[in-house]
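Peer 1: The structure's right below; bear with me while I get my questions together.
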Amino acid sequence: MGSVRDKISKRRIERSSILGMSIIFLLLFSTVVSSDLGNVVIKEQKDEKNVYLNNAEDKLKSALTPFSKNFANLTGHAWDVRRVEFSPNGELLASSSSDGSIRLWDIETGDTIRILQNHYYDVASIAFSPDSKLLASGGWGKKINLWDVSTGNLLKTWSIHPHVALDLAFSPDGNSLAVGSADYQGYWTILQELPLENSYLRIINITNGEILHNFEGHTNPVTSVKFSSDGLDLYSSSWDKTIKKWNVLTGSEVYSFSNHSEVITSIDISPDGTKLVSGSFDKTIQIWDIVSESLLDILEGPDMEVWSVVFTGGNDLVAAAVGNKSSVQKPKEFWQDAGGKVDSSIQIWNIQNGELEEVLVGHDHLIESISVSSDGTMLASGSWDWTIKLWGDYPIIMPDQPIDQWEVSSPEEQGLNSTMLKEIGESPGSGIHSILVVRNKKLVFEKYYNDPTHNYIAENKHVLFSATKSFTSALVGIAIDKGFIQSVDQKVLDFFPEYDFDNVDSRKEEMTLKHLLTMTSGLTWSETPYLDYISEMYFSNDSVQYVLDKTMFSNPGTYYFYNSGGSHLLSAIIHQTTGQSTLEFAIENLFEPIGIERNDVIWMSDTQGSAFGGIGLFLTPRNMAKFGQLYLNEGKWNEEQIIPKDWINESTTNQIGHIGYFRGTHSMDGYGYQWWTSSSLNGFTALGYMGKFIFVLPEEEIVVVFTSFVDPSVIFNVVDKIINTILPETNRTDFFHLSLIFPFILIITILQKRVGKKEKWKEEFYS
């Protein structure tokens, strides 16, 4: 009998082992699946880093110039990089962008030190003072800002209305600033090659903004300005195809160079002050002798237009950024991207023998600006692909690019069909840049797409356009909760007692904050291509004055009429009542409390420093989803009430009746406080131009984020498909339990077979 018990025990152990192995397999399988999204992101980041390091080392082996090695790629801007500039002390790099921001970078680590924001769209020019303590900036905002580099504080602002600064240069003593300008239509006119009136060159005193000299002579916008090393001469280039030398003391023209056949984009002066290099859309680089005022050489090697030129620390090498202008199309609207990817490179020329020494490639779009460090060992390039590259014989640096880490989950664990989600993600439609789905506070789906203009990744910030309005609404609620604003029933004009507005009548006097929030102000407004008040407001000298000077077309509260000007007034009221810019108030009271870092926020502002309340906020898709989740949480984040619950409910409830916009599978048929509401979706939406959406669906516990450049109907169709991935409650089983089924089927099958064998074994054993 003892042997029988031994045999039976052995059989039981075998069965237990099978069961134990199945459970271990199940746990491992579930763990792998539940962390799949995070592992994919990490693997892609590691693969990208390895490829980058290998390519950089390969290039170094065949180095021909000091700049052969691309040792860092800096990302953070949310639009075209317009200018790059090294500080004279060699410690910092400044960059400016069409996103309205300036970034200061630590060139040893590649990290962003701070972001300077007080410009509207497109900071076209920046310049360090000789002691590296000040930074001047100018652009489409028709003003020049002066910043303290060490603190990031805005020291002074000078209006140059109606002009924009295309280039800036400090005098060698640091007391004055040369400004090359054009009218506000600015940069796109280069591409159209149309003349502009009122372009000029001036020098201003940085202490008081006084114009020291206004130079007359150029007949078109001035693109580039440079002082001589002694500060006695000033050189300028223009779209009028000339380069001029000016006497700084008298303001008179000394000499004019003219040999280019197309627009001159850039000039630079050699370190010894004897030569000048110029680049042009005529695809040539020309070298001039400053002393003899003669043309030394024409480098006709570039087969593309020249966008920027710079001496590379010595007198013999010149770097030129070249790119194919013919493939850049003027966008229909000023905020749209400029066509598809463009061939571009940086060419290093030896001007002594006219030989092309090296070509640096890597950018996907036009390189509009290059700069060389004061010691001549490092070159920076800024591109319309939104990136900055550093070139030189330095160790590879990989700046920290933290992606906000949502807790991820498999779709099934949160009651969604992963197969259907995958199918949606594989072909959502052209023009979609990203889709994120959050359910039960967990990220269950995230995908980024490529299009002809950009390869979108998680770190990219996207302009939210009118989805910005929902953030402004949140800030109004916070300001009321903190006592800065009494209530939504306060009169709008009472917030601006220092203004003298036109067309004031009893109707305008009765306009309240609530009327602005619900788009029922009664102010005359238009945002059509034929009569675009929104662009006029952005480019006006005072946006608040512009909006509130408008006539009233109805009594407030009578009609819903979409008005981005009213949304901007909300931002200006926050600025006025809190004593902080809207951006600073938002960072302190909204963004940082929900884990959105200061460096991850860009918000364009008007001339007075108020962030544009109706448009101009840039965020990553993951941070957009955070904002949606905050509203789904009824204003709470980690048990802290960020936005009052009552404000969440009131602002996401239809306040105006049925309006029926975007009819289709689902429609936005109501409007709350700067939020669209939908009876068919039983939710609410932050909605931006051409498909920037944050859908909040409380009944389904879902937040869906889209960034795209498509018609809204495409997005609504995809949202409908996402909703259809919700598993029915009666059939829903979370993924863990679902995955248990298959191992146990296997176990039961094995046991059944073994039971049959056992009976047969018993018969044989006892026989």
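If you're wondering about the labels, chains in the structure tokens are A, B, ... by order shown, residues count from 1 in each chain, ligands from 1 in order shown.
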Write out as a list of chain:residue names the residues lying within 6 Å of segment 425-431 of chain A, counting only C-alpha atoms and excluding same-chain residues fewer than 4 positions away.

Peer 2: A:Ser708, A:Phe709, A:Val710

Peer 1: Please return as a VMD selection string: the residues of segment 496-718 of chain A that backbone DSSP assigns to helix (DSSP H, G or I).

Peer 2: chain A and resid 506 to 509 513 to 517 533 to 539 543 to 548 564 to 578 582 to 594 598 to 600 621 to 632 645 to 651 698 to 700 712 to 718

Peer 1: Excluding Leu443 of chain A and residues on its chain fewer than 6 positions from it, collect all residues at most 10 Å away from it, counting only C-alpha atoms, and give them as a PyMOL selection string.

Peer 2: chain A and resi 37+405-411+414+436-437+622+625+702-704

Peer 1: Measuring atom to atom with only C-alpha atoms, identify which of A:Leu177, A:Leu531, A:Ala611, A:Ile432 is nearest to Met690 of chain A.

Peer 2: A:Ile432

Peer 1: Report the closest atom pair, with its distance in Å rounded to one decimal, for each residue of segment 437-521 of chain A that has an atom no farther than 12 Å from segment 638-645 of chain A; count only C-alpha atoms, sort by chain and then rising residue number, and write it as CSV.

Peer 2:
```
residue,atom,partner,partner_atom,distance
A:Lys441,CA,A:Asn638,CA,11.5
A:Phe471,CA,A:Ile643,CA,11.1
A:Ser473,CA,A:Ile643,CA,10.4
A:Ala474,CA,A:Ile643,CA,6.9
A:Leu475,CA,A:Ile643,CA,8.3
A:Val476,CA,A:Ile643,CA,9.6
A:Gly477,CA,A:Ile643,CA,6.7
A:Ile478,CA,A:Ile643,CA,5.7
A:Ala479,CA,A:Ile643,CA,9.5
A:Ile480,CA,A:Pro644,CA,9.4
A:Asp481,CA,A:Pro644,CA,7.0
A:Lys482,CA,A:Pro644,CA,10.1
```

Peer 1: Can you pull out the residues contacting segment 601-604 of chain A? Cut-off 6 Å, using only C-alpha atoms, and skip same-chain residues under 2 positions away; I want them as a VMD selection string.

Peer 2: chain A and resid 100 120 598 to 599 611 616 to 619

Peer 1: Store the residues picked out above, limited to all heavy atoms, as a compact mmCIF listing (two decimals), in the first residue's frame.

Peer 2:
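Result written to part03.txt:
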```txt
# COMPACT_ATOMS: atom_id res chain seq x y z
N GLY A 100 5.65 82.43 -30.21
CA GLY A 100 5.59 83.62 -29.38
C GLY A 100 6.50 83.59 -28.18
O GLY A 100 6.46 84.49 -27.34
N TYR A 120 3.18 88.36 -28.94
CA TYR A 120 2.22 87.63 -29.74
C TYR A 120 3.01 86.86 -30.79
O TYR A 120 4.21 87.02 -30.93
CB TYR A 120 1.22 88.61 -30.38
CG TYR A 120 0.26 87.93 -31.32
CD1 TYR A 120 -0.43 86.79 -30.90
CD2 TYR A 120 0.08 88.37 -32.62
CE1 TYR A 120 -1.28 86.13 -31.76
CE2 TYR A 120 -0.78 87.73 -33.47
CZ TYR A 120 -1.45 86.60 -33.04
OH TYR A 120 -2.28 85.95 -33.89
N ARG A 598 5.89 74.54 -15.79
CA ARG A 598 5.98 75.86 -16.43
C ARG A 598 6.58 75.77 -17.83
O ARG A 598 6.12 76.43 -18.77
CB ARG A 598 6.82 76.79 -15.55
CG ARG A 598 7.07 78.17 -16.12
CD ARG A 598 7.98 78.96 -15.19
NE ARG A 598 7.29 79.24 -13.93
CZ ARG A 598 6.66 80.39 -13.68
NH1 ARG A 598 6.62 81.33 -14.60
NH2 ARG A 598 6.09 80.58 -12.51
N ASN A 599 7.63 74.97 -17.99
CA ASN A 599 8.30 74.87 -19.28
C ASN A 599 7.46 74.15 -20.33
O ASN A 599 7.84 74.10 -21.49
CB ASN A 599 9.65 74.15 -19.13
CG ASN A 599 10.70 75.04 -18.50
OD1 ASN A 599 10.49 76.23 -18.29
ND2 ASN A 599 11.85 74.46 -18.19
N ALA A 611 -2.38 87.32 -21.82
CA ALA A 611 -2.45 86.17 -22.73
C ALA A 611 -3.75 86.24 -23.52
O ALA A 611 -4.79 86.62 -22.98
CB ALA A 611 -2.38 84.87 -21.94
N GLY A 616 -4.25 80.76 -28.75
CA GLY A 616 -2.83 80.99 -28.50
C GLY A 616 -2.20 80.20 -27.40
O GLY A 616 -1.02 80.38 -27.09
N LEU A 617 -2.93 79.26 -26.76
CA LEU A 617 -2.33 78.40 -25.75
C LEU A 617 -1.77 77.15 -26.43
O LEU A 617 -2.42 76.56 -27.30
CB LEU A 617 -3.38 78.00 -24.71
CG LEU A 617 -2.94 77.02 -23.61
CD1 LEU A 617 -1.84 77.62 -22.76
CD2 LEU A 617 -4.14 76.63 -22.75
N PHE A 618 -0.56 76.75 -26.04
CA PHE A 618 0.09 75.55 -26.56
C PHE A 618 0.29 74.56 -25.42
O PHE A 618 0.84 74.91 -24.38
CB PHE A 618 1.46 75.87 -27.16
CG PHE A 618 1.46 76.69 -28.41
CD1 PHE A 618 1.23 78.06 -28.35
CD2 PHE A 618 1.71 76.12 -29.64
CE1 PHE A 618 1.26 78.84 -29.50
CE2 PHE A 618 1.73 76.88 -30.80
CZ PHE A 618 1.50 78.25 -30.73
N LEU A 619 -0.13 73.31 -25.63
CA LEU A 619 0.09 72.25 -24.65
C LEU A 619 0.36 70.94 -25.38
O LEU A 619 0.01 70.78 -26.56
CB LEU A 619 -1.13 72.07 -23.75
CG LEU A 619 -1.47 73.16 -22.74
CD1 LEU A 619 -2.79 72.83 -22.05
CD2 LEU A 619 -0.37 73.34 -21.72
```

Peer 1: When you count only C-alpha atoms, which of these residues is closest to Thr219 of chain A: A:Ile243, A:Val342, A:Ala319, A:Val488?

Peer 2: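 Closest to Thr219 of chain A of all the choices is A:Ile243.
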
Peer 1: Figure out the distance between atom CA of Ile367 of chain A and atom CA of Ser344 of chain A, please, to one decimal in Å.

Peer 2: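 Spanning atom CA of Ser344 of chain A to atom CA of Ile367 of chain A is a straight-line distance of 6.5 Å.
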
Peer 1: For segment 84-92 of chain A, please output as number ranges by chain all residues within 6 Å (counting only C-alpha atoms; exclusion window: fewer than 4 positions along the same chain).

Peer 2: A: 105-107, 128, 132, 371, 373-374, 382
